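See below for query.cif, which holds mmCIF, C-alpha atoms.
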```cif
data_final
loop_
_atom_site.label_atom_id
_atom_site.label_comp_id
_atom_site.auth_asym_id
_atom_site.auth_seq_id
_atom_site.Cartn_x
_atom_site.Cartn_y
_atom_site.Cartn_z
CA MET A 1 54.44 55.24 85.09
CA ALA A 2 51.52 57.57 84.43
CA ILE A 3 51.68 60.99 86.02
CA SER A 4 48.58 62.57 87.46
CA THR A 5 48.24 66.11 88.78
CA ASN A 6 45.33 68.33 89.58
CA GLY A 7 46.28 70.64 86.74
CA THR A 8 46.67 73.69 88.99
CA ASN A 9 50.05 73.05 90.59
CA GLY A 10 48.15 72.30 93.77
CA ALA A 11 46.26 75.58 93.94
CA SER A 12 43.12 73.82 95.15
CA LYS A 13 44.92 71.56 97.61
CA ALA A 14 43.31 71.32 101.02
CA GLY A 15 46.27 70.00 103.03
CA LYS A 16 48.08 72.08 105.64
CA PRO A 17 51.25 73.55 104.06
CA PHE A 18 54.52 72.42 105.61
CA PRO A 19 56.29 75.42 107.17
CA PRO A 20 59.65 76.48 105.74
CA GLY A 21 62.82 76.73 107.80
CA VAL A 22 65.07 74.55 109.91
CA HIS A 23 63.56 71.48 111.56
CA VAL A 24 65.56 69.20 113.85
CA PRO A 25 65.25 65.41 114.15
CA SER A 26 65.56 65.30 117.92
CA LEU A 27 67.78 62.68 119.50
CA THR A 28 66.22 60.23 121.94
CA TRP A 29 68.07 59.63 125.20
CA PHE A 30 68.12 56.34 127.12
CA LEU A 31 69.17 55.22 130.56
CA ASP A 32 72.18 52.92 130.74
CA ASP A 33 70.28 50.04 132.34
CA SER A 34 69.30 46.57 131.22
CA ASN A 35 66.08 47.75 129.57
CA GLN A 36 67.45 51.06 128.24
CA GLU A 37 64.32 52.93 129.21
CA VAL A 38 63.97 56.48 127.91
CA ASP A 39 65.82 58.99 130.09
CA TRP A 40 62.93 61.41 130.36
CA ASP A 41 64.88 63.95 132.44
CA THR A 42 67.58 64.32 129.79
CA GLN A 43 64.91 64.19 127.08
CA ARG A 44 63.11 67.15 128.61
CA LYS A 45 66.38 69.10 128.87
CA HIS A 46 67.20 68.45 125.25
CA LEU A 47 63.74 69.30 123.95
CA SER A 48 63.76 72.49 126.01
CA PHE A 49 67.13 73.39 124.48
CA LEU A 50 65.83 72.82 120.96
CA ILE A 51 62.58 74.70 121.50
CA GLY A 52 64.37 77.62 123.13
CA SER A 53 66.82 77.94 120.25
CA GLY A 54 64.13 79.16 117.87
CA LEU A 55 64.05 76.20 115.48
CA HIS A 56 61.04 76.17 113.16
CA GLY A 57 60.03 72.61 114.00
CA ILE A 58 60.96 69.40 115.79
CA VAL A 59 60.87 65.89 114.35
CA LEU A 60 60.39 63.14 116.92
CA ALA A 61 61.22 59.50 116.23
CA GLY A 62 63.09 60.20 113.02
CA THR A 63 66.26 58.35 112.04
CA ASN A 64 68.35 60.36 114.50
CA GLY A 65 65.67 59.70 117.11
CA GLU A 66 66.05 55.92 116.63
CA ALA A 67 62.49 55.46 115.42
CA VAL A 68 62.81 51.72 114.83
CA ALA A 69 63.81 51.22 118.47
CA LEU A 70 60.85 53.07 119.97
CA THR A 71 57.45 51.77 121.02
CA ALA A 72 54.19 53.45 120.08
CA THR A 73 53.73 54.48 123.72
CA GLU A 74 57.14 56.12 123.81
CA LYS A 75 56.46 57.97 120.56
CA ALA A 76 53.18 59.31 121.91
CA LYS A 77 54.86 60.48 125.11
CA LEU A 78 57.61 62.23 123.15
CA VAL A 79 54.97 64.19 121.25
CA SER A 80 52.93 65.10 124.31
CA ILE A 81 56.02 66.21 126.28
CA THR A 82 57.25 68.31 123.34
CA ARG A 83 53.88 69.99 123.02
CA GLU A 84 53.75 70.59 126.77
CA LEU A 85 57.23 72.13 126.80
CA ALA A 86 56.49 74.26 123.74
CA VAL A 87 53.50 75.78 125.52
CA SER A 88 55.42 76.39 128.74
CA LEU A 89 58.30 78.01 126.83
CA GLY A 90 56.02 80.38 124.96
CA ARG A 91 55.93 78.56 121.63
CA PRO A 92 52.50 76.89 121.56
CA ASP A 93 52.43 76.92 117.74
CA LEU A 94 55.74 75.07 117.32
CA THR A 95 55.57 72.59 114.46
CA VAL A 96 55.82 69.01 115.75
CA ILE A 97 56.41 66.14 113.33
CA LEU A 98 56.36 62.45 114.26
CA GLY A 99 58.15 59.72 112.37
CA CYS A 100 55.46 57.15 111.59
CA GLY A 101 56.44 53.72 110.33
CA GLY A 102 55.72 50.03 110.24
CA GLY A 103 55.90 46.96 108.09
CA SER A 104 52.38 47.35 106.71
CA THR A 105 50.16 50.15 105.46
CA ARG A 106 47.77 49.39 108.28
CA ALA A 107 50.49 49.80 110.91
CA VAL A 108 51.64 53.14 109.51
CA ILE A 109 48.08 54.46 109.38
CA GLU A 110 47.66 53.52 113.04
CA GLU A 111 50.79 55.50 113.92
CA THR A 112 49.46 58.59 112.15
CA LYS A 113 46.32 58.32 114.28
CA LEU A 114 48.52 58.02 117.38
CA ALA A 115 50.47 61.08 116.22
CA LYS A 116 47.29 63.12 115.85
CA GLU A 117 45.98 62.09 119.27
CA ALA A 118 49.29 62.95 120.93
CA GLY A 119 49.40 66.42 119.36
CA ALA A 120 51.66 66.14 116.29
CA ASP A 121 51.06 68.34 113.26
CA TYR A 122 52.61 66.15 110.55
CA ALA A 123 53.71 62.58 109.93
CA LEU A 124 57.13 61.87 108.41
CA VAL A 125 56.93 58.55 106.59
CA MET A 126 59.50 56.34 104.89
CA VAL A 127 58.75 53.58 102.39
CA PRO A 128 58.18 50.23 104.17
CA SER A 129 61.15 48.16 103.01
CA TYR A 130 61.08 44.72 104.59
CA PHE A 131 59.64 43.34 101.35
CA HIS A 132 61.79 45.71 99.28
CA PHE A 133 62.08 43.18 96.45
CA ALA A 134 58.35 43.57 95.79
CA MET A 135 58.11 47.34 96.28
CA ASN A 136 58.07 48.65 92.71
CA GLU A 137 57.02 52.19 91.78
CA GLU A 138 53.33 51.32 91.64
CA ALA A 139 53.44 49.70 95.09
CA ILE A 140 55.24 52.68 96.64
CA VAL A 141 52.83 55.21 95.16
CA ALA A 142 49.84 53.07 96.20
CA PHE A 143 51.22 52.90 99.76
CA PHE A 144 51.54 56.65 100.14
CA ARG A 145 48.16 57.32 98.53
CA GLU A 146 46.33 54.88 100.80
CA LEU A 147 48.19 56.25 103.81
CA ALA A 148 47.41 59.86 102.91
CA ASP A 149 43.74 59.03 102.34
CA ALA A 150 43.49 57.66 105.88
CA SER A 151 45.92 59.83 107.84
CA PRO A 152 44.30 62.46 110.09
CA ILE A 153 47.38 64.69 109.69
CA PRO A 154 49.34 65.72 106.59
CA VAL A 155 52.09 63.42 105.37
CA LEU A 156 55.68 64.33 104.57
CA VAL A 157 57.42 61.73 102.39
CA TYR A 158 60.80 60.67 103.78
CA ASN A 159 63.14 59.54 100.99
CA PHE A 160 66.17 57.80 102.49
CA PRO A 161 67.30 54.93 100.23
CA GLY A 162 70.28 54.26 102.50
CA VAL A 163 68.06 52.81 105.23
CA SER A 164 65.14 51.61 103.10
CA ALA A 165 66.95 48.89 101.17
CA GLY A 166 67.75 51.25 98.31
CA LEU A 167 64.13 52.14 97.56
CA ASP A 168 64.01 55.58 95.99
CA VAL A 169 60.99 57.81 95.50
CA ASN A 170 61.93 59.34 92.15
CA SER A 171 60.82 62.62 90.60
CA GLU A 172 57.92 61.13 88.66
CA MET A 173 56.59 59.46 91.78
CA LEU A 174 56.93 62.70 93.73
CA GLU A 175 54.98 64.53 91.02
CA THR A 176 52.18 62.02 91.38
CA LEU A 177 52.22 62.04 95.18
CA GLY A 178 52.50 65.82 95.39
CA ALA A 179 49.08 66.15 93.80
CA HIS A 180 47.46 64.37 96.77
CA PRO A 181 45.74 66.88 99.06
CA ASN A 182 47.18 65.29 102.21
CA ILE A 183 50.82 64.91 101.08
CA VAL A 184 52.62 68.17 101.67
CA GLY A 185 56.30 67.61 100.90
CA VAL A 186 59.37 65.44 100.84
CA LYS A 187 62.50 65.21 102.94
CA LEU A 188 65.35 64.28 100.60
CA THR A 189 68.03 62.44 102.52
CA CYS A 190 69.10 61.01 99.19
CA GLY A 191 70.97 64.26 98.46
CA GLY A 192 68.99 64.71 95.25
CA ILE A 193 69.45 68.39 94.49
CA ALA A 194 67.93 67.93 91.02
CA LYS A 195 64.79 66.51 92.65
CA VAL A 196 64.38 69.78 94.53
CA ALA A 197 64.37 71.70 91.27
CA ARG A 198 62.01 69.25 89.60
CA VAL A 199 59.57 69.42 92.50
CA ARG A 200 59.62 73.21 92.35
CA SER A 201 59.04 73.15 88.59
CA VAL A 202 55.69 71.44 89.19
CA PHE A 203 54.48 72.68 92.57
CA GLU A 204 54.25 75.87 94.54
CA PRO A 205 56.02 75.33 97.89
CA GLU A 206 52.79 75.99 99.77
CA THR A 207 51.34 72.95 98.02
CA PHE A 208 54.21 70.47 97.99
CA CYS A 209 57.71 71.37 99.15
CA ALA A 210 61.15 69.81 99.08
CA LEU A 211 63.53 69.91 102.05
CA ALA A 212 67.21 69.04 102.22
CA GLY A 213 67.84 66.00 104.39
CA GLN A 214 71.00 67.59 105.75
CA SER A 215 72.06 71.20 106.25
CA ASP A 216 75.32 70.73 104.31
CA TRP A 217 73.42 71.43 101.07
CA LEU A 218 70.79 73.82 102.40
CA LEU A 219 71.94 76.80 100.32
CA PRO A 220 71.96 74.84 97.03
CA ALA A 221 68.51 73.46 97.88
CA ILE A 222 67.10 76.91 98.59
CA SER A 223 68.61 78.24 95.37
CA VAL A 224 66.55 75.82 93.27
CA GLY A 225 63.27 76.08 95.11
CA GLY A 226 63.73 74.16 98.37
CA THR A 227 62.08 75.49 101.51
CA GLY A 228 64.46 74.41 104.26
CA THR A 229 66.02 71.40 105.91
CA ILE A 230 65.51 68.67 108.47
CA THR A 231 69.01 68.38 109.88
CA GLY A 232 70.57 66.43 112.72
CA LEU A 233 73.25 69.09 113.14
CA ALA A 234 70.62 71.34 114.73
CA ASN A 235 70.79 69.07 117.79
CA ILE A 236 74.06 70.79 118.68
CA TYR A 237 74.23 74.00 116.59
CA PRO A 238 70.60 75.08 116.11
CA ARG A 239 71.24 78.80 115.86
CA THR A 240 74.03 78.30 113.34
CA CYS A 241 71.67 76.27 111.16
CA ILE A 242 68.99 78.94 111.45
CA ASP A 243 71.55 81.60 110.57
CA LEU A 244 72.47 79.70 107.40
CA TYR A 245 68.79 79.42 106.46
CA ASN A 246 68.25 83.16 106.97
CA LEU A 247 71.31 83.95 104.86
CA SER A 248 70.14 81.50 102.18
CA ILE A 249 66.83 83.30 101.74
CA GLY A 250 68.48 86.72 102.02
CA SER A 251 70.42 88.89 99.58
CA ASP A 252 74.00 88.48 100.86
CA ARG A 253 75.12 85.60 98.65
CA LYS A 254 78.76 85.69 99.68
CA ALA A 255 77.89 85.49 103.38
CA ALA A 256 75.53 82.59 102.66
CA GLU A 257 78.20 80.72 100.69
CA LYS A 258 80.75 81.23 103.46
CA ALA A 259 78.34 80.02 106.12
CA GLN A 260 77.37 76.99 104.02
CA ILE A 261 81.00 75.94 103.48
CA GLU A 262 81.80 76.28 107.17
CA LEU A 263 78.75 74.29 108.20
CA ALA A 264 79.30 71.54 105.62
CA ALA A 265 82.79 70.89 106.96
CA VAL A 266 81.42 70.40 110.46
CA GLU A 267 78.41 68.31 109.46
CA TRP A 268 80.78 65.66 108.15
CA GLY A 269 81.21 64.71 111.80
CA PHE A 270 77.58 63.64 112.02
CA ALA A 271 77.65 61.96 108.62
CA LYS A 272 80.71 59.84 109.40
CA GLY A 273 80.21 59.54 113.14
CA GLY A 274 76.82 57.85 112.85
CA ILE A 275 73.96 58.15 115.32
CA ASN A 276 76.04 56.83 118.22
CA GLY A 277 78.80 59.34 117.46
CA THR A 278 76.25 62.11 117.10
CA LYS A 279 74.70 61.36 120.48
CA TRP A 280 78.09 61.07 122.16
CA VAL A 281 79.37 64.43 120.93
CA VAL A 282 76.06 66.22 121.61
CA ALA A 283 76.13 64.90 125.18
CA GLN A 284 79.70 66.15 125.57
CA TYR A 285 78.91 69.63 124.25
CA LEU A 286 75.62 70.10 126.08
CA GLY A 287 76.65 68.52 129.37
CA TYR A 288 74.31 65.55 129.37
CA PRO A 289 75.23 62.35 131.23
CA GLU A 290 77.49 60.24 129.04
CA SER A 291 75.63 57.21 130.37
CA SER A 292 72.50 58.44 128.57
CA CYS A 293 74.08 58.94 125.16
CA HIS A 294 74.20 55.31 124.07
CA THR A 295 71.92 54.14 121.29
CA ARG A 296 69.51 51.31 121.98
CA ARG A 297 71.09 47.95 121.38
CA PRO A 298 72.08 46.32 119.10
CA TYR A 299 73.47 49.62 117.74
CA PRO A 300 76.99 49.65 119.23
CA LYS A 301 78.37 52.23 121.65
CA PHE A 302 80.68 55.00 120.49
CA VAL A 303 83.64 54.18 122.72
CA ASP A 304 86.71 54.30 120.47
CA ALA A 305 88.94 57.04 121.93
CA LYS A 306 90.41 57.99 118.54
CA LYS A 307 86.95 58.36 117.01
CA GLN A 308 85.83 60.42 120.00
CA GLU A 309 88.78 62.77 119.61
CA TRP A 310 88.18 63.02 115.88
CA ILE A 311 84.52 63.99 116.16
CA MET A 312 85.21 66.52 118.92
CA ASN A 313 87.78 68.21 116.70
CA ILE A 314 85.47 68.17 113.66
CA MET A 315 82.65 69.84 115.61
CA LYS A 316 84.84 72.51 117.25
CA PRO A 317 84.94 75.20 114.50
CA LEU A 318 81.30 76.24 114.92
CA GLU A 319 81.28 76.35 118.71
CA ALA A 320 82.23 80.02 118.99
CA LYS A 321 79.69 81.05 116.35
CA GLU A 322 76.88 79.22 118.13
CA ILE A 323 77.77 80.92 121.42
CA SER A 324 77.89 84.30 119.70
CA LEU A 325 74.49 83.81 118.09
CA LYS A 326 73.02 82.77 121.44
CA LYS A 327 74.34 85.97 123.05
CA LEU A 328 72.88 88.05 120.23
CA ALA A 329 69.49 86.41 120.72
CA LYS A 330 69.53 87.37 124.39
CA ALA A 331 70.67 90.93 123.78
#
```
Could I get this structure in the form of structure tokens?
Amino acid sequence: MAISTNGTNGASKAGKPFPPGVHVPSLTWFLDDSNQEVDWDTQRKHLSFLIGSGLHGIVLAGTNGEAVALTATEKAKLVSITRELAVSLGRPDLTVILGCGGGSTRAVIEETKLAKEAGADYALVMVPSYFHFAMNEEAIVAFFRELADASPIPVLVYNFPGVSAGLDVNSEMLETLGAHPNIVGVKLTCGGIAKVARVRSVFEPETFCALAGQSDWLLPAISVGGTGTITGLANIYPRTCIDLYNLSIGSDRKAAEKAQIELAAVEWGFAKGGINGTKWVVAQYLGYPESSCHTRRPYPKFVDAKKQEWIMNIMKPLEAKEISLKKLAKA
């Protein structure tokens, strides 16, 4: 397909740059009742924990936040509560990103307007995939361009072929989309390290950035021009993830490599455990009600005792480090 850029690597781009660092896709907590309403008490506790940990940004209604199971009203409330808590905890400028989706371009545009009204800074958007058989490269690029033209907040492309029927936003498409003044970056949950390098070869990070979709390849991503990560592991070990980011942009390569290897081994628990396993183990570690850790149906509960023991053991190695980093922050 034809590639179009503004010829200046985005130097004249008007969009708000996406901030570097570690951003967490916050989990969404539900009551264990017939309607599985949002457990707003636990939600507030968790958001306060994340905000207080020093993370650079919070994603609401992402994949880990069970976006497809949430209503527009719930999404708006998540944003407004996060903004309220950020102000009360002394972080009024915290970056807040909302996962915006839908089966049509019109629906996604409406969610970006909702995001803006509720107080979000950016929209994280995946390719609509219900009609995946018709979504060729031209259709995907046209979708993001029309969306970005209409969105009142900057758009971050969310590339996750595993949950979008295999649809992949490739490097050529990203080069085209990165030239749009209201598209500021891409979250690569496809694990495409080469895409990070290719994005950086065309754009300055302040114009269009690439983020690792997990923290288990944060150091490699940073080494080829990435600017950070959006990682579910920060729901339980936020300070450890921030520490890895700081080491990755620092000069102590050996320390960064050691931290990356240790973190990657632990993140396998989230990768294999799934969202239900993630929520279960986070609730165990942070002392939330186990009754609130279940995903919205039909996603099954994480109730297998062997799997529970396995994920607890996988997560254990970073517990002491997280506690140590928390003590250092308070000192």
- Message: If the PyMOL selection byres ((chain A and resi 221-231) around 7) were run on this exact file, what residues would it hold? Put them as a list in words.
- Response: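 Output from the PyMOL selection byres ((chain A and resi 221-231) around 7), applied to this file: Pro20, Gly21, Val22, His23, Val24, Pro25, Ile193, Val196, Ala197, Arg200, Cys209, Ala210, Leu211, Ala212, Gly213, Gln214, Ser215, Trp217, Leu218, Leu219, Pro220, Gly232, Leu233, Ala234, Tyr245 and Ser248 of chain A.
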Q.
Under the PyMOL selection byres ((chain A and resi 111-118) around 10), which residues of this model are included? Write them out as a PyMOL selection string.
A. chain A and resi 72-73+75-83+96-102+106-110+119-125+147-148+150-155
Would you write out, as a short mmCIF file (atom, residue, chain, number, x, y, z; two decimals) with C-alpha atoms, keeping the file's coordinate frame, every residue that the PyMOL selection byres ((chain A and resi 30) around 9) captures in this file?
```cif
data_model
loop_
_atom_site.label_atom_id
_atom_site.label_comp_id
_atom_site.auth_asym_id
_atom_site.auth_seq_id
_atom_site.Cartn_x
_atom_site.Cartn_y
_atom_site.Cartn_z
CA THR A 28 66.22 60.23 121.94
CA TRP A 29 68.07 59.63 125.20
CA LEU A 31 69.17 55.22 130.56
CA ASP A 32 72.18 52.92 130.74
CA ASP A 33 70.28 50.04 132.34
CA GLN A 36 67.45 51.06 128.24
CA GLU A 37 64.32 52.93 129.21
CA VAL A 38 63.97 56.48 127.91
CA ASP A 39 65.82 58.99 130.09
CA TRP A 40 62.93 61.41 130.36
CA THR A 42 67.58 64.32 129.79
CA GLN A 43 64.91 64.19 127.08
CA SER A 291 75.63 57.21 130.37
CA SER A 292 72.50 58.44 128.57
CA CYS A 293 74.08 58.94 125.16
CA HIS A 294 74.20 55.31 124.07
CA THR A 295 71.92 54.14 121.29
CA ARG A 296 69.51 51.31 121.98
#
```
What's the separation between atom CA of Lys326 of chain A and atom CA of Arg253 of chain A, in Å to one decimal place?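 Here the two named atoms are 23.1 Å from each other.
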Across A:Pro161, A:Gly62, A:Gly166, A:Gly90, the smallest distance to Gly191 of chain A, with all atoms listed in the file counted, is shown by A:Pro161
Which residue of A:Glu322, A:Leu85, A:Phe203, A:Val186 approaches Ile58 of chain A most closely, using all atoms listed in the file: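 So, comparing all the options, the nearest one is A:Leu85.
Remark: for Ala142 of chain A, the closest of the candidate residues A:Ala265, A:Leu177, A:Leu188, A:Ile236 is A:Leu177 (distances computed over all atoms listed in the file).
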Requested in this report: Write out as number ranges by chain the residues lying within 12 Å of Lys258 of chain A, counting all atoms listed in the file and excluding same-chain residues fewer than 3 positions away.
Outcome: A: 216, 219, 243-244, 247-248, 252-255, 261-265
Repaired coordinates for segment 190-212 of chain A (N, CA and C atoms) as an mmCIF file, in the coordinates of the input:
```
data_model
loop_
_atom_site.group_PDB
_atom_site.id
_atom_site.type_symbol
_atom_site.label_atom_id
_atom_site.label_comp_id
_atom_site.auth_asym_id
_atom_site.auth_seq_id
_atom_site.Cartn_x
_atom_site.Cartn_y
_atom_site.Cartn_z
ATOM 1 N N CYS A 190 68.371 61.635 100.291
ATOM 2 C CA CYS A 190 69.100 61.010 99.190
ATOM 3 C C CYS A 190 70.110 61.984 98.586
ATOM 4 N N GLY A 191 70.068 63.244 99.003
ATOM 5 C CA GLY A 191 70.970 64.260 98.460
ATOM 6 C C GLY A 191 70.630 64.679 97.049
ATOM 7 N N GLY A 192 69.389 64.447 96.630
ATOM 8 C CA GLY A 192 68.990 64.710 95.250
ATOM 9 C C GLY A 192 68.653 66.160 94.985
ATOM 10 N N ILE A 193 69.674 66.975 94.726
ATOM 11 C CA ILE A 193 69.450 68.390 94.490
ATOM 12 C C ILE A 193 68.580 68.623 93.246
ATOM 13 N N ALA A 194 68.742 67.770 92.221
ATOM 14 C CA ALA A 194 67.930 67.930 91.020
ATOM 15 C C ALA A 194 66.455 67.649 91.310
ATOM 16 N N LYS A 195 66.184 66.779 92.282
ATOM 17 C CA LYS A 195 64.790 66.510 92.650
ATOM 18 C C LYS A 195 64.138 67.764 93.226
ATOM 19 N N VAL A 196 64.910 68.533 93.981
ATOM 20 C CA VAL A 196 64.380 69.780 94.530
ATOM 21 C C VAL A 196 63.900 70.679 93.408
ATOM 22 N N ALA A 197 64.730 70.848 92.399
ATOM 23 C CA ALA A 197 64.370 71.700 91.270
ATOM 24 C C ALA A 197 63.165 71.153 90.511
ATOM 25 N N ARG A 198 63.122 69.838 90.336
ATOM 26 C CA ARG A 198 62.010 69.250 89.600
ATOM 27 C C ARG A 198 60.695 69.381 90.369
ATOM 28 N N VAL A 199 60.770 69.215 91.690
ATOM 29 C CA VAL A 199 59.570 69.420 92.500
ATOM 30 C C VAL A 199 59.073 70.850 92.361
ATOM 31 N N ARG A 200 60.009 71.798 92.436
ATOM 32 C CA ARG A 200 59.620 73.210 92.350
ATOM 33 C C ARG A 200 59.079 73.571 90.972
ATOM 34 N N SER A 201 59.518 72.858 89.937
ATOM 35 C CA SER A 201 59.040 73.150 88.590
ATOM 36 C C SER A 201 57.573 72.770 88.415
ATOM 37 N N VAL A 202 57.072 71.922 89.296
ATOM 38 C CA VAL A 202 55.690 71.440 89.190
ATOM 39 C C VAL A 202 54.782 72.061 90.240
ATOM 40 N N PHE A 203 55.321 72.258 91.461
ATOM 41 C CA PHE A 203 54.480 72.680 92.570
ATOM 42 C C PHE A 203 54.924 73.994 93.206
ATOM 43 N N GLU A 204 53.963 74.764 93.646
ATOM 44 C CA GLU A 204 54.250 75.870 94.540
ATOM 45 C C GLU A 204 54.624 75.294 95.901
ATOM 46 N N PRO A 205 55.593 75.886 96.598
ATOM 47 C CA PRO A 205 56.020 75.330 97.890
ATOM 48 C C PRO A 205 54.902 75.198 98.914
ATOM 49 N N GLU A 206 53.906 76.069 98.836
ATOM 50 C CA GLU A 206 52.790 75.990 99.770
ATOM 51 C C GLU A 206 51.937 74.738 99.541
ATOM 52 N N THR A 207 52.107 74.137 98.373
ATOM 53 C CA THR A 207 51.340 72.950 98.020
ATOM 54 C C THR A 207 52.126 71.670 98.297
ATOM 55 N N PHE A 208 53.348 71.647 97.805
ATOM 56 C CA PHE A 208 54.210 70.470 97.990
ATOM 57 C C PHE A 208 55.651 70.972 97.950
ATOM 58 N N CYS A 209 56.365 70.786 99.040
ATOM 59 C CA CYS A 209 57.710 71.370 99.150
ATOM 60 C C CYS A 209 58.776 70.291 99.219
ATOM 61 N N ALA A 210 60.010 70.713 98.977
ATOM 62 C CA ALA A 210 61.150 69.810 99.080
ATOM 63 C C ALA A 210 62.126 70.378 100.113
ATOM 64 N N LEU A 211 62.594 69.501 101.021
ATOM 65 C CA LEU A 211 63.530 69.910 102.050
ATOM 66 C C LEU A 211 64.804 69.090 101.946
ATOM 67 N N ALA A 212 65.933 69.748 102.178
ATOM 68 C CA ALA A 212 67.210 69.040 102.220
ATOM 69 C C ALA A 212 67.239 68.146 103.454
#
```
